[in-house]
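> Below you'll find input_12.pdb; it's PDB, C-alpha atoms.
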ATOM      1  CA  MET B   1       0.000   0.000   0.000  1.00  0.00           C
ATOM      2  CA  ALA B   2       1.726   3.181  -1.167  1.00  0.00           C
ATOM      3  CA  LEU B   3       0.893   6.465   0.496  1.00  0.00           C
ATOM      4  CA  SER B   4       1.224   9.937  -0.958  1.00  0.00           C
ATOM      5  CA  VAL B   5       3.395  12.527   0.796  1.00  0.00           C
ATOM      6  CA  VAL B   6       2.079  15.988   1.700  1.00  0.00           C
ATOM      7  CA  LEU B   7       4.601  18.547   2.975  1.00  0.00           C
ATOM      8  CA  ALA B   8       3.458  21.297   5.305  1.00  0.00           C
ATOM      9  CA  PRO B   9       4.898  24.750   4.547  1.00  0.00           C
ATOM     10  CA  ALA B  10       7.189  24.477   7.597  1.00  0.00           C
ATOM     11  CA  ALA B  11       8.547  21.126   6.360  1.00  0.00           C
ATOM     12  CA  ALA B  12       9.210  22.599   2.906  1.00  0.00           C
ATOM     13  CA  ARG B  13      11.106  25.504   4.502  1.00  0.00           C
ATOM     14  CA  ASP B  14      13.065  23.056   6.650  1.00  0.00           C
ATOM     15  CA  LEU B  15      14.051  21.067   3.559  1.00  0.00           C
ATOM     16  CA  ASP B  16      15.164  24.231   1.748  1.00  0.00           C
ATOM     17  CA  ARG B  17      17.600  24.959   4.571  1.00  0.00           C
ATOM     18  CA  ILE B  18      19.261  21.527   4.430  1.00  0.00           C
ATOM     19  CA  ALA B  19      22.326  20.811   2.292  1.00  0.00           C
ATOM     20  CA  GLU B  20      21.507  19.192  -1.060  1.00  0.00           C
ATOM     21  CA  ASP B  21      22.978  15.746  -0.294  1.00  0.00           C
ATOM     22  CA  ARG B  22      21.183  15.536   3.054  1.00  0.00           C
ATOM     23  CA  ARG B  23      17.952  16.785   1.462  1.00  0.00           C
ATOM     24  CA  ARG B  24      18.066  13.950  -1.083  1.00  0.00           C
ATOM     25  CA  GLN B  25      18.604  11.448   1.731  1.00  0.00           C
ATOM     26  CA  VAL B  26      15.649  12.783   3.752  1.00  0.00           C
ATOM     27  CA  ILE B  27      13.325  12.825   0.731  1.00  0.00           C
ATOM     28  CA  GLY B  28      14.451   9.329  -0.261  1.00  0.00           C
ATOM     29  CA  ASP B  29      13.797   7.952   3.235  1.00  0.00           C
ATOM     30  CA  LEU B  30      10.356   9.584   3.328  1.00  0.00           C
ATOM     31  CA  GLU B  31       9.458   8.188  -0.111  1.00  0.00           C
ATOM     32  CA  GLU B  32      10.740   4.748   0.904  1.00  0.00           C
ATOM     33  CA  PHE B  33       8.530   4.796   3.992  1.00  0.00           C
ATOM     34  CA  ALA B  34       5.559   5.978   1.884  1.00  0.00           C
ATOM     35  CA  ARG B  35       6.000   3.026  -0.507  1.00  0.00           C
ATOM     36  CA  ALA B  36       6.010   0.442   2.297  1.00  0.00           C
ATOM     37  CA  PRO B  37       4.894   1.935   5.616  1.00  0.00           C
ATOM     38  CA  SER B  38       5.925  -0.167   8.578  1.00  0.00           C
ATOM     39  CA  TRP B  39       5.728   1.019  12.164  1.00  0.00           C
ATOM     40  CA  ARG B  40       7.920  -1.895  13.218  1.00  0.00           C
ATOM     41  CA  ALA B  41      10.890  -0.399  11.411  1.00  0.00           C
ATOM     42  CA  PRO B  42      13.572   0.764  13.857  1.00  0.00           C
ATOM     43  CA  ARG B  43      13.645   4.224  12.244  1.00  0.00           C
ATOM     44  CA  VAL B  44       9.970   4.962  13.017  1.00  0.00           C
ATOM     45  CA  LYS B  45       8.723   5.863  16.469  1.00  0.00           C
ATOM     46  CA  ARG B  46       5.330   6.941  17.779  1.00  0.00           C
ATOM     47  CA  LEU B  47       5.751   9.986  20.014  1.00  0.00           C
ATOM     48  CA  ARG B  48       3.843  10.035  23.282  1.00  0.00           C
ATOM     49  CA  GLY B  49       1.609  12.833  24.468  1.00  0.00           C
ATOM     50  CA  PHE B  50       0.157  13.904  21.125  1.00  0.00           C
ATOM     51  CA  LYS B  51      -3.508  13.602  20.176  1.00  0.00           C
ATOM     52  CA  PRO B  52      -3.946  12.630  17.376  1.00  0.00           C
ATOM     53  CA  PRO B  53      -0.760  10.537  17.344  1.00  0.00           C
ATOM     54  CA  LEU B  54       2.444  12.004  15.949  1.00  0.00           C
ATOM     55  CA  ASP B  55       5.211   9.848  14.515  1.00  0.00           C
ATOM     56  CA  ARG B  56       8.910  10.414  13.941  1.00  0.00           C
ATOM     57  CA  LEU B  57      11.007   9.015  11.087  1.00  0.00           C
ATOM     58  CA  ARG B  58      14.778   9.018  11.569  1.00  0.00           C
ATOM     59  CA  SER B  59      16.845   9.964   8.512  1.00  0.00           C
ATOM     60  CA  GLY B  60      20.521  10.366   9.358  1.00  0.00           C
ATOM     61  CA  ASP B  61      20.858  13.397  11.653  1.00  0.00           C
ATOM     62  CA  TYR B  62      17.353  14.606  10.778  1.00  0.00           C
ATOM     63  CA  ARG B  63      13.934  13.688  12.134  1.00  0.00           C
ATOM     64  CA  ILE B  64      10.715  13.955  10.155  1.00  0.00           C
ATOM     65  CA  LEU B  65       7.601  14.629  12.237  1.00  0.00           C
ATOM     66  CA  PHE B  66       4.521  13.271  10.506  1.00  0.00           C
ATOM     67  CA  ARG B  67       1.039  11.819  10.780  1.00  0.00           C
ATOM     68  CA  VAL B  68      -0.668   9.348   8.512  1.00  0.00           C
ATOM     69  CA  VAL B  69      -4.072  10.696   7.527  1.00  0.00           C
ATOM     70  CA  VAL B  70      -6.271   8.354   5.477  1.00  0.00           C
ATOM     71  CA  ASP B  71      -3.949   7.465   2.571  1.00  0.00           C
ATOM     72  CA  ALA B  72      -1.323  10.218   2.874  1.00  0.00           C
ATOM     73  CA  ILE B  73       1.668  11.035   5.016  1.00  0.00           C
ATOM     74  CA  HIS B  74       1.463  14.608   6.278  1.00  0.00           C
ATOM     75  CA  ALA B  75       5.023  15.726   7.066  1.00  0.00           C
ATOM     76  CA  TYR B  76       4.985  18.724   9.405  1.00  0.00           C
ATOM     77  CA  ARG B  77       8.663  19.343  10.186  1.00  0.00           C
ATOM     78  CA  VAL B  78      12.135  18.145   9.195  1.00  0.00           C
ATOM     79  CA  ILE B  79      14.411  18.889  12.144  1.00  0.00           C
ATOM     80  CA  ASP B  80      18.018  18.285  13.064  1.00  0.00           C
ATOM     81  CA  ARG B  81      18.113  15.757  15.902  1.00  0.00           C
ATOM     82  CA  LYS B  82      19.810  18.209  18.271  1.00  0.00           C
ATOM     83  CA  ASP B  83      16.845  20.628  17.912  1.00  0.00           C
ATOM     84  CA  LEU B  84      14.116  18.000  18.243  1.00  0.00           C
ATOM     85  CA  ASP B  85      13.226  18.546  21.925  1.00  0.00           C
ATOM     86  CA  ARG B  86      12.765  22.280  21.470  1.00  0.00           C
ATOM     87  CA  ALA B  87      10.675  21.764  18.328  1.00  0.00           C
ATOM     88  CA  LEU B  88       8.447  19.183  20.023  1.00  0.00           C
ATOM     89  CA  LYS B  89       7.721  21.582  22.881  1.00  0.00           C
ATOM     90  CA  ALA B  90       6.637  24.227  20.379  1.00  0.00           C
ATOM     91  CA  PHE B  91       4.698  21.651  18.357  1.00  0.00           C
ATOM     92  CA  ARG B  92       2.494  20.735  21.336  1.00  0.00           C
ATOM     93  CA  HIS B  93       0.883  24.179  21.241  1.00  0.00           C
ATOM     94  CA  PHE B  94      -0.432  23.839  17.689  1.00  0.00           C
ATOM     95  CA  LYS B  95      -3.645  22.004  16.823  1.00  0.00           C
ATOM     96  CA  ILE B  96      -3.168  20.156  13.551  1.00  0.00           C
ATOM     97  CA  ARG B  97      -5.900  17.935  12.226  1.00  0.00           C
TER      98      ARG B  97
END
What's the structure tokens form of this structure?


Amino acid sequence: MALSVVLAPAAARDLDRIAEDRRRQVIGDLEEFARAPSWRAPRVKRLRGFKPPLDRLRSGDYRILFRVVVDAIHAYRVIDRKDLDRALKAFRHFKIR
């Protein structure tokens, strides 16, 4: 079951700020997950404390915050792992459906 990928404006801005080689890696990992989504994969983790659930996909030093909605992956942010805690605190204040 292949899913489509929808990038939020913040995720698109995040990708624009990443070096080209890293950007290709992140996009490739996201497309690979969309082709064969598996929550058992070691690179995917469900984050606690978010309603509806929020997931994280690890791609090198970057983390993709996303939700699966019907038949699409909605990617909200692409964040360097060292900035993840701060971004998650800010993310809790936004209501995304």

> If we count all atoms listed in the file and set the cut-off at 9 Å, which residues sit around B:Val6, ignoring sequence neighbours fewer than 2 positions away in its own chain? Please answer as a VMD selection string.

chain B and resid 4 8 72 to 76

> Restrict the selected residues to C-alpha atoms and save them as a PDB file, in the coordinates of the input.


ATOM      1  CA  SER B   4       1.224   9.937  -0.958  1.00  0.00           C
ATOM      2  CA  ALA B   8       3.458  21.297   5.305  1.00  0.00           C
ATOM      3  CA  ALA B  72      -1.323  10.218   2.874  1.00  0.00           C
ATOM      4  CA  ILE B  73       1.668  11.035   5.016  1.00  0.00           C
ATOM      5  CA  HIS B  74       1.463  14.608   6.278  1.00  0.00           C
ATOM      6  CA  ALA B  75       5.023  15.726   7.066  1.00  0.00           C
ATOM      7  CA  TYR B  76       4.985  18.724   9.405  1.00  0.00           C
TER       8      TYR B  76
END

> Which one of B:Lys51, B:Arg13, B:Lys89, B:Arg35 sits closest to B:Arg77 if you count all atoms listed in the file?

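Comparing B:Lys51, B:Arg13, B:Lys89, B:Arg35 against B:Arg77, the winner is B:Arg13.
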
> Compare B:Arg81, B:Arg24, B:Arg63, B:Arg92 by their minimum atom-to-atom distance to B:Ala11, counting all atoms listed in the file, and give me the closest one.

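Between B:Arg81, B:Arg24, B:Arg63, B:Arg92, the residue approaching B:Ala11 most closely is B:Arg63.
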
> Given 4 Å on each side, where is the centre and what are the edge lengths in Å to one decimal of the axis-aligned box enclosing the listed atoms of stretch 58-61 of chain B, as AutoDock Vina command-line options?


--center_x 17.8 --center_y 11.2 --center_z 10.1 --size_x 14.1 --size_y 12.4 --size_z 11.1

> For atom CA of B:Ala90 and atom CA of B:Asp14, determine how far apart the two atoms are, in Å to one decimal place.

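Atom-to-atom, atom CA of B:Ala90 to atom CA of B:Asp14, that is 15.2 Å.
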
> May I have the protein, DNA and RNA residues with an atom at most 7 Å from (19.9, 15.2, 9.6), counting only C-alpha atoms in the file's coordinates, returned as JSON, numbers by chain?

{"B": [22, 59, 60, 61, 62, 63, 80, 81]}

> Please compute the atom CA of B:Ala87-atom CA of B:Val69 distance, one decimal, in Å.

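Separation between atom CA of B:Ala87 and atom CA of B:Val69: 21.4 Å.
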
> Choose the residue, out of B:Leu47, B:Leu15, B:Leu57, B:Leu3, that has the smallest atom-to-atom separation from B:Asp85; count all atoms listed in the file.

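Smallest distance to B:Asp85 is found for B:Leu47.
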
> Could you list, as a list in words, every residue within 10 Å of B:Pro37, counting all atoms listed in the file and ignoring same-chain residues fewer than 2 positions away?

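Using all atoms listed in the file, the neighbours found are Met1, Ala2, Leu3, Leu30, Glu31, Glu32, Phe33, Ala34, Arg35, Trp39, Arg40, Ala41, Val44, Val68 and Ile73 of chain B.
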
> For those residues, write C-alpha atoms to a file as a compact mmCIF listing (two decimals), keeping the file's coordinate frame.


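Ended up saving to selection-v6.txt:
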# COMPACT_ATOMS: atom_id res chain seq x y z
CA MET B 1 0.00 0.00 0.00
CA ALA B 2 1.73 3.18 -1.17
CA LEU B 3 0.89 6.46 0.50
CA LEU B 30 10.36 9.58 3.33
CA GLU B 31 9.46 8.19 -0.11
CA GLU B 32 10.74 4.75 0.90
CA PHE B 33 8.53 4.80 3.99
CA ALA B 34 5.56 5.98 1.88
CA ARG B 35 6.00 3.03 -0.51
CA TRP B 39 5.73 1.02 12.16
CA ARG B 40 7.92 -1.90 13.22
CA ALA B 41 10.89 -0.40 11.41
CA VAL B 44 9.97 4.96 13.02
CA VAL B 68 -0.67 9.35 8.51
CA ILE B 73 1.67 11.04 5.02

> In Å to one decimal, how far is atom CA of B:Pro52 from atom CA of B:Arg67?

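Separating atom CA of B:Arg67 from atom CA of B:Pro52 is a distance of 8.3 Å.
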
> So, counting all atoms listed in the file, which residue among B:Arg17, B:Arg23, B:Arg46, B:Arg86 is closest to B:Leu65?

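Using all atoms listed in the file, B:Leu65 sits closest to B:Arg46.
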
> Identify which of the residues B:Phe91, B:Leu7, B:Ala36, B:Leu84 lies closest to B:Leu54, counting all atoms listed in the file when measuring atom-to-atom distances.

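Result for the nearest residue to B:Leu54: B:Phe91.
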
> My list of candidates is B:Val5, B:Asp83, B:Phe66, B:Arg56. Which is closest to B:Gly28 when distances are computed with all atoms listed in the file?

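Among the listed residues, B:Val5 lies closest to B:Gly28.
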
> Output stretch 9-42 of chain B with N, CA and C atoms present, as a JSON list (two decimals), in the coordinates of the input.


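What follows is the written file part-v8.json:
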[["chain", "number", "residue", "atom", "x", "y", "z"],
["B", 9, "PRO", "N", 3.99, 23.66, 4.89],
["B", 9, "PRO", "CA", 4.90, 24.75, 4.55],
["B", 9, "PRO", "C", 6.16, 24.78, 5.42],
["B", 10, "ALA", "N", 6.03, 24.48, 6.70],
["B", 10, "ALA", "CA", 7.19, 24.48, 7.60],
["B", 10, "ALA", "C", 8.17, 23.38, 7.20],
["B", 11, "ALA", "N", 7.67, 22.22, 6.79],
["B", 11, "ALA", "CA", 8.55, 21.13, 6.36],
["B", 11, "ALA", "C", 9.27, 21.49, 5.07],
["B", 12, "ALA", "N", 8.57, 22.17, 4.16],
["B", 12, "ALA", "CA", 9.21, 22.60, 2.91],
["B", 12, "ALA", "C", 10.32, 23.61, 3.19],
["B", 13, "ARG", "N", 10.06, 24.53, 4.12],
["B", 13, "ARG", "CA", 11.11, 25.50, 4.50],
["B", 13, "ARG", "C", 12.28, 24.79, 5.14],
["B", 14, "ASP", "N", 12.00, 23.82, 6.01],
["B", 14, "ASP", "CA", 13.06, 23.06, 6.65],
["B", 14, "ASP", "C", 13.93, 22.36, 5.60],
["B", 15, "LEU", "N", 13.30, 21.76, 4.61],
["B", 15, "LEU", "CA", 14.05, 21.07, 3.56],
["B", 15, "LEU", "C", 14.90, 22.03, 2.75],
["B", 16, "ASP", "N", 14.40, 23.23, 2.51],
["B", 16, "ASP", "CA", 15.16, 24.23, 1.75],
["B", 16, "ASP", "C", 16.44, 24.63, 2.46],
["B", 17, "ARG", "N", 16.44, 24.54, 3.77],
["B", 17, "ARG", "CA", 17.60, 24.96, 4.57],
["B", 17, "ARG", "C", 18.67, 23.88, 4.70],
["B", 18, "ILE", "N", 18.34, 22.66, 4.29],
["B", 18, "ILE", "CA", 19.26, 21.53, 4.43],
["B", 18, "ILE", "C", 20.16, 21.45, 3.20],
["B", 19, "ALA", "N", 21.39, 21.01, 3.41],
["B", 19, "ALA", "CA", 22.33, 20.81, 2.29],
["B", 19, "ALA", "C", 21.75, 19.81, 1.29],
["B", 20, "GLU", "N", 22.09, 19.98, 0.03],
["B", 20, "GLU", "CA", 21.51, 19.19, -1.06],
["B", 20, "GLU", "C", 21.63, 17.68, -0.85],
["B", 21, "ASP", "N", 22.81, 17.19, -0.47],
["B", 21, "ASP", "CA", 22.98, 15.75, -0.29],
["B", 21, "ASP", "C", 22.12, 15.21, 0.84],
["B", 22, "ARG", "N", 22.03, 15.95, 1.92],
["B", 22, "ARG", "CA", 21.18, 15.54, 3.05],
["B", 22, "ARG", "C", 19.71, 15.60, 2.67],
["B", 23, "ARG", "N", 19.34, 16.63, 1.90],
["B", 23, "ARG", "CA", 17.95, 16.78, 1.46],
["B", 23, "ARG", "C", 17.53, 15.57, 0.64],
["B", 24, "ARG", "N", 18.39, 15.12, -0.27],
["B", 24, "ARG", "CA", 18.07, 13.95, -1.08],
["B", 24, "ARG", "C", 17.89, 12.72, -0.21],
["B", 25, "GLN", "N", 18.72, 12.59, 0.82],
["B", 25, "GLN", "CA", 18.60, 11.45, 1.73],
["B", 25, "GLN", "C", 17.27, 11.48, 2.48],
["B", 26, "VAL", "N", 16.90, 12.64, 3.00],
["B", 26, "VAL", "CA", 15.65, 12.78, 3.75],
["B", 26, "VAL", "C", 14.45, 12.48, 2.85],
["B", 27, "ILE", "N", 14.44, 13.05, 1.65],
["B", 27, "ILE", "CA", 13.32, 12.82, 0.73],
["B", 27, "ILE", "C", 13.27, 11.35, 0.33],
["B", 28, "GLY", "N", 14.42, 10.75, 0.09],
["B", 28, "GLY", "CA", 14.45, 9.33, -0.26],
["B", 28, "GLY", "C", 13.91, 8.45, 0.85],
["B", 29, "ASP", "N", 14.29, 8.74, 2.10],
["B", 29, "ASP", "CA", 13.80, 7.95, 3.24],
["B", 29, "ASP", "C", 12.29, 8.12, 3.41],
["B", 30, "LEU", "N", 11.79, 9.33, 3.21],
["B", 30, "LEU", "CA", 10.36, 9.58, 3.33],
["B", 30, "LEU", "C", 9.59, 8.86, 2.22],
["B", 31, "GLU", "N", 10.11, 8.90, 1.00],
["B", 31, "GLU", "CA", 9.46, 8.19, -0.11],
["B", 31, "GLU", "C", 9.51, 6.67, 0.09],
["B", 32, "GLU", "N", 10.62, 6.18, 0.62],
["B", 32, "GLU", "CA", 10.74, 4.75, 0.90],
["B", 32, "GLU", "C", 9.71, 4.31, 1.93],
["B", 33, "PHE", "N", 9.53, 5.12, 2.98],
["B", 33, "PHE", "CA", 8.53, 4.80, 3.99],
["B", 33, "PHE", "C", 7.13, 4.87, 3.40],
["B", 34, "ALA", "N", 6.88, 5.83, 2.50],
["B", 34, "ALA", "CA", 5.56, 5.98, 1.88],
["B", 34, "ALA", "C", 5.22, 4.77, 1.00],
["B", 35, "ARG", "N", 6.23, 4.20, 0.35],
["B", 35, "ARG", "CA", 6.00, 3.03, -0.51],
["B", 35, "ARG", "C", 5.63, 1.80, 0.31],
["B", 36, "ALA", "N", 6.26, 1.62, 1.46],
["B", 36, "ALA", "CA", 6.01, 0.44, 2.30],
["B", 36, "ALA", "C", 6.01, 0.85, 3.76],
["B", 37, "PRO", "N", 4.93, 1.48, 4.22],
["B", 37, "PRO", "CA", 4.89, 1.94, 5.62],
["B", 37, "PRO", "C", 4.91, 0.78, 6.60],
["B", 38, "SER", "N", 5.82, 0.86, 7.55],
["B", 38, "SER", "CA", 5.92, -0.17, 8.58],
["B", 38, "SER", "C", 6.31, 0.51, 9.89],
["B", 39, "TRP", "N", 5.43, 0.40, 10.87],
["B", 39, "TRP", "CA", 5.73, 1.02, 12.16],
["B", 39, "TRP", "C", 6.63, 0.13, 13.01],
["B", 40, "ARG", "N", 6.98, -1.02, 12.51],
["B", 40, "ARG", "CA", 7.92, -1.90, 13.22],
["B", 40, "ARG", "C", 9.36, -1.57, 12.85],
["B", 41, "ALA", "N", 9.53, -0.76, 11.83],
["B", 41, "ALA", "CA", 10.89, -0.40, 11.41],
["B", 41, "ALA", "C", 11.59, 0.35, 12.54],
["B", 42, "PRO", "N", 12.87, 0.11, 12.75],
["B", 42, "PRO", "CA", 13.57, 0.76, 13.86],
["B", 42, "PRO", "C", 13.71, 2.27, 13.68]]
